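Content type PDB, C-alpha atoms, pLDDT in the B column, from the file work-v9.pdb:
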ATOM      1  CA  MET W 160     188.823   3.434  80.118  1.00 44.00           C
ATOM      2  CA  ARG W 161     186.047   4.202  82.555  1.00 48.00           C
ATOM      3  CA  ARG W 162     186.933   7.851  81.843  1.00 47.00           C
ATOM      4  CA  LEU W 163     186.386   7.151  78.137  1.00 45.00           C
ATOM      5  CA  LEU W 164     182.992   5.627  78.916  1.00 46.00           C
ATOM      6  CA  ALA W 165     182.027   8.639  81.032  1.00 45.00           C
ATOM      7  CA  LEU W 166     183.090  11.053  78.301  1.00 46.00           C
ATOM      8  CA  ALA W 167     181.144   9.157  75.658  1.00 45.00           C
ATOM      9  CA  LEU W 168     178.031   9.073  77.794  1.00 46.00           C
ATOM     10  CA  ALA W 169     178.358  12.758  78.589  1.00 43.00           C
ATOM     11  CA  SER W 170     178.686  13.572  74.903  1.00 45.00           C
ATOM     12  CA  SER W 171     175.607  11.559  74.012  1.00 43.00           C
ATOM     13  CA  LEU W 172     173.507  13.133  76.767  1.00 39.00           C
ATOM     14  CA  LEU W 173     174.698  16.721  76.719  1.00 39.00           C
ATOM     15  CA  ALA W 174     175.464  17.387  73.079  1.00 43.00           C
ATOM     16  CA  PRO W 175     173.961  14.635  70.919  1.00 41.00           C
ATOM     17  CA  GLY W 176     173.613  16.688  67.765  1.00 40.00           C
ATOM     18  CA  ARG W 177     176.498  19.117  67.926  1.00 44.00           C
ATOM     19  CA  ALA W 178     178.813  18.732  64.963  1.00 43.00           C
ATOM     20  CA  SER W 179     180.361  22.113  64.202  1.00 46.00           C
ATOM     21  CA  GLY W 180     182.927  24.398  65.707  1.00 50.00           C
ATOM     22  CA  ASP W 181     182.174  27.854  67.091  1.00 69.00           C
ATOM     23  CA  GLU W 182     183.917  31.001  68.223  1.00 80.00           C
ATOM     24  CA  SER W 183     183.970  29.921  71.872  1.00 91.00           C
ATOM     25  CA  GLU W 184     185.994  26.837  70.964  1.00 92.00           C
ATOM     26  CA  GLU W 185     188.464  28.913  68.993  1.00 94.00           C
ATOM     27  CA  ALA W 186     188.741  31.360  71.864  1.00 95.00           C
ATOM     28  CA  ARG W 187     189.571  28.518  74.260  1.00 95.00           C
ATOM     29  CA  LEU W 188     192.246  27.233  71.923  1.00 96.00           C
ATOM     30  CA  ARG W 189     193.803  30.666  71.481  1.00 95.00           C
ATOM     31  CA  ALA W 190     193.789  31.191  75.240  1.00 95.00           C
ATOM     32  CA  ARG W 191     195.522  27.885  76.023  1.00 95.00           C
ATOM     33  CA  LEU W 192     197.808  27.250  73.056  1.00 96.00           C
ATOM     34  CA  LYS W 193     200.759  29.191  71.766  1.00 95.00           C
ATOM     35  CA  PRO W 194     199.870  31.275  68.680  1.00 95.00           C
ATOM     36  CA  GLU W 195     202.041  29.145  66.394  1.00 97.00           C
ATOM     37  CA  LEU W 196     200.130  26.045  67.525  1.00 97.00           C
ATOM     38  CA  ALA W 197     196.656  27.540  67.896  1.00 96.00           C
ATOM     39  CA  THR W 198     196.511  28.588  64.246  1.00 96.00           C
ATOM     40  CA  PRO W 199     197.008  25.125  62.650  1.00 97.00           C
ATOM     41  CA  VAL W 200     194.831  23.443  65.284  1.00 97.00           C
ATOM     42  CA  ILE W 201     192.007  25.873  64.560  1.00 97.00           C
ATOM     43  CA  GLU W 202     192.429  25.144  60.855  1.00 97.00           C
ATOM     44  CA  VAL W 203     191.869  21.441  61.559  1.00 97.00           C
ATOM     45  CA  VAL W 204     188.827  22.250  63.689  1.00 97.00           C
ATOM     46  CA  ARG W 205     187.351  24.496  60.991  1.00 96.00           C
ATOM     47  CA  SER W 206     187.953  21.848  58.332  1.00 97.00           C
ATOM     48  CA  ALA W 207     186.185  19.249  60.470  1.00 97.00           C
ATOM     49  CA  ALA W 208     183.264  21.629  61.029  1.00 96.00           C
ATOM     50  CA  ALA W 209     182.981  22.224  57.294  1.00 96.00           C
ATOM     51  CA  GLN W 210     182.673  18.451  56.815  1.00 95.00           C
ATOM     52  CA  GLY W 211     179.944  18.241  59.453  1.00 95.00           C
ATOM     53  CA  LEU W 212     182.178  16.374  61.896  1.00 97.00           C
ATOM     54  CA  PRO W 213     182.072  16.931  65.677  1.00 96.00           C
ATOM     55  CA  THR W 214     184.695  19.429  66.762  1.00 96.00           C
ATOM     56  CA  ALA W 215     184.458  19.148  70.553  1.00 96.00           C
ATOM     57  CA  PRO W 216     186.640  15.978  70.632  1.00 96.00           C
ATOM     58  CA  LEU W 217     189.341  17.780  68.641  1.00 97.00           C
ATOM     59  CA  VAL W 218     189.353  20.757  70.981  1.00 97.00           C
ATOM     60  CA  ALA W 219     189.447  18.401  73.971  1.00 96.00           C
ATOM     61  CA  ARG W 220     192.497  16.599  72.626  1.00 96.00           C
ATOM     62  CA  ALA W 221     194.363  19.799  71.950  1.00 97.00           C
ATOM     63  CA  LEU W 222     193.641  21.146  75.430  1.00 96.00           C
ATOM     64  CA  GLU W 223     194.484  17.818  77.061  1.00 96.00           C
ATOM     65  CA  GLY W 224     197.812  17.792  75.253  1.00 96.00           C
ATOM     66  CA  ALA W 225     198.520  21.299  76.469  1.00 95.00           C
ATOM     67  CA  SER W 226     197.645  20.313  80.043  1.00 95.00           C
ATOM     68  CA  ARG W 227     200.111  17.444  79.810  1.00 95.00           C
ATOM     69  CA  GLN W 228     202.725  19.830  78.379  1.00 94.00           C
ATOM     70  CA  ALA W 229     203.075  17.753  75.217  1.00 95.00           C
ATOM     71  CA  GLY W 230     205.098  19.168  72.357  1.00 96.00           C
ATOM     72  CA  ASP W 231     203.437  21.300  69.717  1.00 96.00           C
ATOM     73  CA  GLU W 232     204.074  18.759  66.974  1.00 97.00           C
ATOM     74  CA  ALA W 233     202.634  15.929  69.049  1.00 97.00           C
ATOM     75  CA  ILE W 234     199.483  17.914  69.843  1.00 97.00           C
ATOM     76  CA  LEU W 235     198.910  18.882  66.231  1.00 97.00           C
ATOM     77  CA  GLU W 236     199.513  15.316  65.075  1.00 98.00           C
ATOM     78  CA  ALA W 237     197.025  14.004  67.645  1.00 97.00           C
ATOM     79  CA  VAL W 238     194.358  16.490  66.556  1.00 98.00           C
ATOM     80  CA  ARG W 239     194.887  15.731  62.878  1.00 98.00           C
ATOM     81  CA  GLY W 240     194.869  11.998  63.537  1.00 97.00           C
ATOM     82  CA  TYR W 241     191.615  12.180  65.470  1.00 98.00           C
ATOM     83  CA  ALA W 242     190.013  14.316  62.768  1.00 98.00           C
ATOM     84  CA  ALA W 243     190.895  11.584  60.285  1.00 98.00           C
ATOM     85  CA  GLY W 244     189.447   9.038  62.710  1.00 98.00           C
ATOM     86  CA  LEU W 245     186.163  10.946  62.898  1.00 98.00           C
ATOM     87  CA  ALA W 246     185.940  11.037  59.106  1.00 98.00           C
ATOM     88  CA  ALA W 247     186.646   7.302  58.909  1.00 98.00           C
ATOM     89  CA  ALA W 248     184.044   6.604  61.587  1.00 98.00           C
ATOM     90  CA  ARG W 249     181.398   8.444  59.593  1.00 97.00           C
ATOM     91  CA  ARG W 250     182.422   6.514  56.503  1.00 97.00           C
ATOM     92  CA  ALA W 251     181.865   3.266  58.404  1.00 97.00           C
ATOM     93  CA  LEU W 252     178.773   4.263  60.407  1.00 97.00           C
ATOM     94  CA  GLY W 253     177.017   6.352  57.779  1.00 95.00           C
ATOM     95  CA  SER W 254     176.013   9.967  57.361  1.00 93.00           C
ATOM     96  CA  THR W 255     173.240   9.721  59.968  1.00 94.00           C
ATOM     97  CA  ALA W 256     175.615   8.776  62.811  1.00 96.00           C
ATOM     98  CA  ARG W 257     175.360  11.110  65.791  1.00 96.00           C
ATOM     99  CA  ALA W 258     178.290  13.123  67.115  1.00 96.00           C
ATOM    100  CA  ALA W 259     178.786  10.856  70.140  1.00 97.00           C
ATOM    101  CA  GLU W 260     178.798   7.764  67.906  1.00 98.00           C
ATOM    102  CA  LEU W 261     181.441   9.302  65.652  1.00 98.00           C
ATOM    103  CA  ASP W 262     183.545  10.168  68.703  1.00 97.00           C
ATOM    104  CA  ALA W 263     183.268   6.622  70.086  1.00 97.00           C
ATOM    105  CA  GLY W 264     183.871   5.185  66.611  1.00 97.00           C
ATOM    106  CA  ALA W 265     186.998   7.267  66.137  1.00 97.00           C
ATOM    107  CA  GLY W 266     188.269   6.048  69.509  1.00 96.00           C
ATOM    108  CA  ALA W 267     187.763   2.441  68.418  1.00 97.00           C
ATOM    109  CA  LEU W 268     189.533   3.052  65.119  1.00 97.00           C
ATOM    110  CA  MET W 269     192.450   4.723  66.886  1.00 95.00           C
ATOM    111  CA  ALA W 270     192.685   1.617  69.097  1.00 94.00           C
ATOM    112  CA  GLY W 271     193.195  -0.515  65.985  1.00 95.00           C
ATOM    113  CA  VAL W 272     189.651  -1.694  65.240  1.00 96.00           C
ATOM    114  CA  PRO W 273     189.101  -1.886  61.443  1.00 96.00           C
ATOM    115  CA  GLU W 274     186.429   0.141  59.701  1.00 96.00           C
ATOM    116  CA  ASP W 275     184.544  -2.955  58.563  1.00 96.00           C
ATOM    117  CA  SER W 276     183.991  -3.953  62.201  1.00 96.00           C
ATOM    118  CA  LEU W 277     182.245  -0.625  62.774  1.00 97.00           C
ATOM    119  CA  ALA W 278     180.190  -1.124  59.631  1.00 97.00           C
ATOM    120  CA  SER W 279     179.205  -4.612  60.823  1.00 96.00           C
ATOM    121  CA  LEU W 280     178.085  -3.179  64.161  1.00 97.00           C
ATOM    122  CA  LYS W 281     175.932  -0.653  62.317  1.00 97.00           C
ATOM    123  CA  ARG W 282     174.300  -3.441  60.326  1.00 96.00           C
ATOM    124  CA  ALA W 283     173.751  -5.435  63.511  1.00 96.00           C
ATOM    125  CA  ARG W 284     172.062  -2.469  65.207  1.00 96.00           C
ATOM    126  CA  PRO W 285     170.691  -0.278  62.419  1.00 94.00           C
ATOM    127  CA  SER W 286     168.659   1.835  64.820  1.00 91.00           C
ATOM    128  CA  GLY W 287     169.564   2.954  68.304  1.00 91.00           C
ATOM    129  CA  SER W 288     172.821   4.348  69.624  1.00 96.00           C
ATOM    130  CA  LEU W 289     176.114   2.554  69.006  1.00 97.00           C
ATOM    131  CA  VAL W 290     178.005   4.558  71.634  1.00 97.00           C
ATOM    132  CA  ILE W 291     178.061   1.799  74.278  1.00 97.00           C
ATOM    133  CA  PRO W 292     178.986  -1.060  71.883  1.00 97.00           C
ATOM    134  CA  LEU W 293     181.840   1.040  70.506  1.00 98.00           C
ATOM    135  CA  VAL W 294     183.098   2.091  73.929  1.00 97.00           C
ATOM    136  CA  VAL W 295     182.943  -1.512  75.170  1.00 97.00           C
ATOM    137  CA  LEU W 296     184.882  -2.595  72.080  1.00 97.00           C
ATOM    138  CA  SER W 297     187.594   0.011  72.726  1.00 96.00           C
ATOM    139  CA  ASP W 298     187.736  -1.039  76.376  1.00 96.00           C
ATOM    140  CA  PHE W 299     188.320  -4.684  75.439  1.00 96.00           C
ATOM    141  CA  VAL W 300     191.206  -3.741  73.155  1.00 96.00           C
ATOM    142  CA  ALA W 301     192.692  -1.539  75.881  1.00 95.00           C
ATOM    143  CA  ARG W 302     192.468  -4.513  78.259  1.00 95.00           C
ATOM    144  CA  GLY W 303     194.602  -6.603  75.916  1.00 96.00           C
ATOM    145  CA  VAL W 304     191.888  -8.566  74.114  1.00 96.00           C
ATOM    146  CA  PRO W 305     193.069  -9.062  70.502  1.00 96.00           C
ATOM    147  CA  VAL W 306     191.191  -6.797  68.101  1.00 96.00           C
ATOM    148  CA  ALA W 307     189.597  -9.685  66.208  1.00 95.00           C
ATOM    149  CA  ASN W 308     188.337 -11.323  69.420  1.00 95.00           C
ATOM    150  CA  ALA W 309     187.087  -8.032  70.827  1.00 96.00           C
ATOM    151  CA  SER W 310     185.244  -7.227  67.604  1.00 96.00           C
ATOM    152  CA  ASN W 311     183.749 -10.712  67.442  1.00 95.00           C
ATOM    153  CA  ALA W 312     182.531 -10.578  71.037  1.00 96.00           C
ATOM    154  CA  VAL W 313     180.791  -7.206  70.737  1.00 97.00           C
ATOM    155  CA  LEU W 314     179.401  -8.006  67.298  1.00 96.00           C
ATOM    156  CA  ALA W 315     178.045 -11.409  68.352  1.00 96.00           C
ATOM    157  CA  ALA W 316     176.451  -9.905  71.457  1.00 96.00           C
ATOM    158  CA  THR W 317     174.888  -7.100  69.410  1.00 96.00           C
ATOM    159  CA  ARG W 318     173.575  -9.514  66.795  1.00 95.00           C
ATOM    160  CA  ALA W 319     172.033 -11.539  69.596  1.00 94.00           C
ATOM    161  CA  GLY W 320     170.050  -8.456  70.598  1.00 94.00           C
ATOM    162  CA  ALA W 321     171.988  -7.585  73.758  1.00 94.00           C
ATOM    163  CA  ALA W 322     170.983  -4.151  75.046  1.00 95.00           C
ATOM    164  CA  ASP W 323     173.472  -1.629  76.454  1.00 96.00           C
ATOM    165  CA  PRO W 324     173.123  -2.778  80.100  1.00 96.00           C
ATOM    166  CA  ALA W 325     173.939  -6.354  79.061  1.00 96.00           C
ATOM    167  CA  LEU W 326     176.978  -5.187  77.107  1.00 96.00           C
ATOM    168  CA  LEU W 327     178.201  -3.219  80.110  1.00 96.00           C
ATOM    169  CA  ARG W 328     177.727  -6.252  82.354  1.00 96.00           C
ATOM    170  CA  MET W 329     179.700  -8.372  79.878  1.00 96.00           C
ATOM    171  CA  ARG W 330     182.424  -5.723  79.941  1.00 96.00           C
ATOM    172  CA  GLU W 331     182.588  -5.810  83.739  1.00 96.00           C
ATOM    173  CA  ARG W 332     182.687  -9.618  83.838  1.00 95.00           C
ATOM    174  CA  ILE W 333     185.504  -9.733  81.301  1.00 96.00           C
ATOM    175  CA  ASP W 334     187.419  -7.005  83.164  1.00 95.00           C
ATOM    176  CA  GLU W 335     187.063  -8.999  86.380  1.00 96.00           C
ATOM    177  CA  ARG W 336     188.358 -12.168  84.726  1.00 96.00           C
ATOM    178  CA  ILE W 337     191.383 -10.359  83.317  1.00 96.00           C
ATOM    179  CA  LEU W 338     192.137  -8.747  86.685  1.00 95.00           C
ATOM    180  CA  ARG W 339     192.082 -12.235  88.251  1.00 95.00           C
ATOM    181  CA  GLY W 340     194.809 -13.278  85.836  1.00 96.00           C
ATOM    182  CA  GLU W 341     192.785 -14.920  83.090  1.00 95.00           C
ATOM    183  CA  ALA W 342     194.088 -14.506  79.548  1.00 96.00           C
ATOM    184  CA  PRO W 343     192.211 -11.716  77.719  1.00 96.00           C
ATOM    185  CA  THR W 344     191.234 -13.981  74.823  1.00 95.00           C
ATOM    186  CA  GLY W 345     189.742 -16.627  77.080  1.00 95.00           C
ATOM    187  CA  ALA W 346     188.102 -14.009  79.277  1.00 95.00           C
ATOM    188  CA  SER W 347     186.359 -12.446  76.281  1.00 95.00           C
ATOM    189  CA  ARG W 348     185.182 -15.845  75.068  1.00 95.00           C
ATOM    190  CA  GLU W 349     183.741 -16.776  78.451  1.00 95.00           C
ATOM    191  CA  GLY W 350     182.173 -13.354  78.932  1.00 94.00           C
ATOM    192  CA  LEU W 351     180.427 -13.660  75.594  1.00 94.00           C
ATOM    193  CA  ARG W 352     179.290 -17.213  76.381  1.00 94.00           C
ATOM    194  CA  GLU W 353     177.733 -16.041  79.650  1.00 93.00           C
ATOM    195  CA  LEU W 354     175.929 -13.208  77.913  1.00 93.00           C
ATOM    196  CA  LEU W 355     174.542 -15.447  75.172  1.00 92.00           C
ATOM    197  CA  MET W 356     173.363 -17.986  77.732  1.00 90.00           C
ATOM    198  CA  LYS W 357     171.328 -15.240  79.414  1.00 84.00           C
ATOM    199  CA  THR W 358     169.975 -13.643  76.236  1.00 78.00           C
ATOM    200  CA  PRO W 359     166.380 -14.747  75.522  1.00 72.00           C
ATOM    201  CA  GLY W 360     165.905 -16.490  72.197  1.00 61.00           C
ATOM    202  CA  THR W 361     169.607 -17.133  71.662  1.00 58.00           C
ATOM    203  CA  PRO W 362     170.574 -20.744  70.829  1.00 55.00           C
ATOM    204  CA  LYS W 363     172.630 -21.811  73.841  1.00 49.00           C
ATOM    205  CA  GLU W 364     175.136 -23.762  71.804  1.00 43.00           C
ATOM    206  CA  ARG W 365     176.279 -20.562  70.120  1.00 43.00           C
ATOM    207  CA  GLY W 366     177.889 -19.475  73.340  1.00 41.00           C
ATOM    208  CA  SER W 367     180.316 -22.393  73.288  1.00 39.00           C
ATOM    209  CA  ARG W 368     181.888 -21.460  69.962  1.00 46.00           C
ATOM    210  CA  GLU W 369     184.094 -18.549  68.955  1.00 44.00           C
ATOM    211  CA  PRO W 370     182.011 -16.385  66.592  1.00 43.00           C
ATOM    212  CA  ARG W 371     183.314 -16.003  63.071  1.00 45.00           C
ATOM    213  CA  GLU W 372     185.080 -12.734  62.415  1.00 43.00           C
ATOM    214  CA  ARG W 373     183.272 -10.324  60.112  1.00 44.00           C
ATOM    215  CA  ARG W 374     180.458 -12.788  59.378  1.00 44.00           C
ATOM    216  CA  GLN W 375     177.922 -11.099  57.154  1.00 43.00           C
ATOM    217  CA  PRO W 376     174.359 -10.827  58.467  1.00 42.00           C
TER     218      PRO W 376
END
Taking this structure as input, can you express it in the form of structure tokens?
Amino acid sequence: MRRLLALALASSLLAPGRASGDESEEARLRARLKPELATPVIEVVRSAAAQGLPTAPLVARALEGASRQAGDEAILEAVRGYAAGLAAARRALGSTARAAELDAGAGALMAGVPEDSLASLKRARPSGSLVIPLVVLSDFVARGVPVANASNAVLAATRAGAADPALLRMRERIDERILRGEAPTGASREGLRELLMKTPGTPKERGSREPRERRQP
């Protein structure tokens, strides 16, 4: 998951506005994939580009699958599935979402996070990047925190005004608790409580209760 965080950060810093495919991407796909696989993958990439969706994550998944010697059908299914995830992420985050946010949002959706959780995060932080909140959310789910608890923790922290460094610290604290053998649900609850206790202007008693799932602002 730290690799996912690094990739998301790299996307946001190096190519924040890139959302369309190009000939160099197609050339890479043709060079690495068998012709019978390259053609349908490129079709998916072109379709995503026509919709204004980021194509770099699709190319990356195809090439990663090839590096792992996955079957053609599995690679194509993964690329198609992620393209659908990118479209769903834009539906949840809005048409102004940046490429890196759509990539991180698609990752969260593929992990099982519902679209309305992404939409709630957008309402909680209407301006500013959502890359880190979304990556932290995906990380929690990957660590075994139930989706509802993970969504609640990140959403409550975001509503409380927690900035990205605070969210990353909460992530590390929760990871540490889980590695020590604490149950993921309890670890997420305690990690959130600690964050809220340290967030200026946050009522301290809020940290002692489990936040309500999908509470409207």
- Task: Return the single residue from W:Ile333, W:Ala316, W:Ala342, W:Arg239 that is closest to Met356 of chain W, with distances computed using all atoms listed in the file.
- Result: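 Using all atoms listed in the file, Met356 of chain W sits closest to W:Ala316.
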- Quick one: of W:Asp323, W:Glu274, W:Glu260, W:Glu341, who's nearest to Leu212 of chain W, counting all atoms listed in the file?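 Closest candidate: W:Glu260.
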- Query: Could you state the separation of atom CA of Met269 of chain W and atom CA of Val300 of chain W in Å, given to one decimal place?
  - Reply: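 Those two atoms sit 10.6 Å apart.
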- Task: Any chance you could resolve the PyMOL selection byres ((chain W and resi 261) around 8) against this file and give the residues as a list in words?
- Result: Pro213, Leu245, Ala248, Arg249, Leu252, Ala256, Arg257, Ala258, Ala259, Glu260, Asp262, Ala263, Gly264 and Ala265 of chain W
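Closest approach to Arg336 of chain W among W:Gly287, W:Arg302, W:Thr255, W:Asn311: W:Arg302, based on all atoms listed in the file.
For Val200 of chain W, the non-local neighbours within 9 Å, defined as residues at least 4 positions apart in the same chain or in other chains and counting all atoms listed in the file, are Leu188, Leu196, Val204, Arg205, Leu217, Val218, Ala221, Ile234, Leu235, Val238 and Arg239 of chain W.
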- Task: State, in Å with one decimal place, the distance from atom CA of Leu354 of chain W to atom CA of Glu335 of chain W.
- Result: 14.6 Å
- Could you please determine the separation between atom CA of Arg187 of chain W and atom CA of Ala243 of chain W in Å, to one decimal place? 22.0 Å
- Quick one: which residues end up in the PyMOL selection byres ((chain W and resi 317) around 9) for this structure, as a list of chain:residue names? W:Leu280, W:Ala283, W:Arg284, W:Pro292, W:Ala312, W:Val313, W:Leu314, W:Ala315, W:Ala316, W:Arg318, W:Ala319, W:Gly320, W:Ala321, W:Ala322, W:Leu326
- Task: For each of W:Gly211, W:Pro343, W:Gly350, W:Gly244, take the minimum atom-to-atom distance to Val304 of chain W, counting all atoms listed in the file, then give the residue where this is smallest.
- Result: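 Closest to Val304 of chain W of all the choices is W:Pro343.
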- Task: Using all atoms listed in the file, determine which residues lie at most 12 Å from Asp231 of chain W, disregarding the query and same-chain residues fewer than 3 positions distant; provide the list as a ChimeraX atom specification.
- Result: /W:192-200,221-222,224-228,234-238
- Message: Quick check on the file I pasted: which residues fall under the PyMOL selection byres ((chain W and resi 273) around 10)? Write them as a PyMOL selection string.
- Response: chain W and resi 247-248+251+267-272+274-278+306-307+310
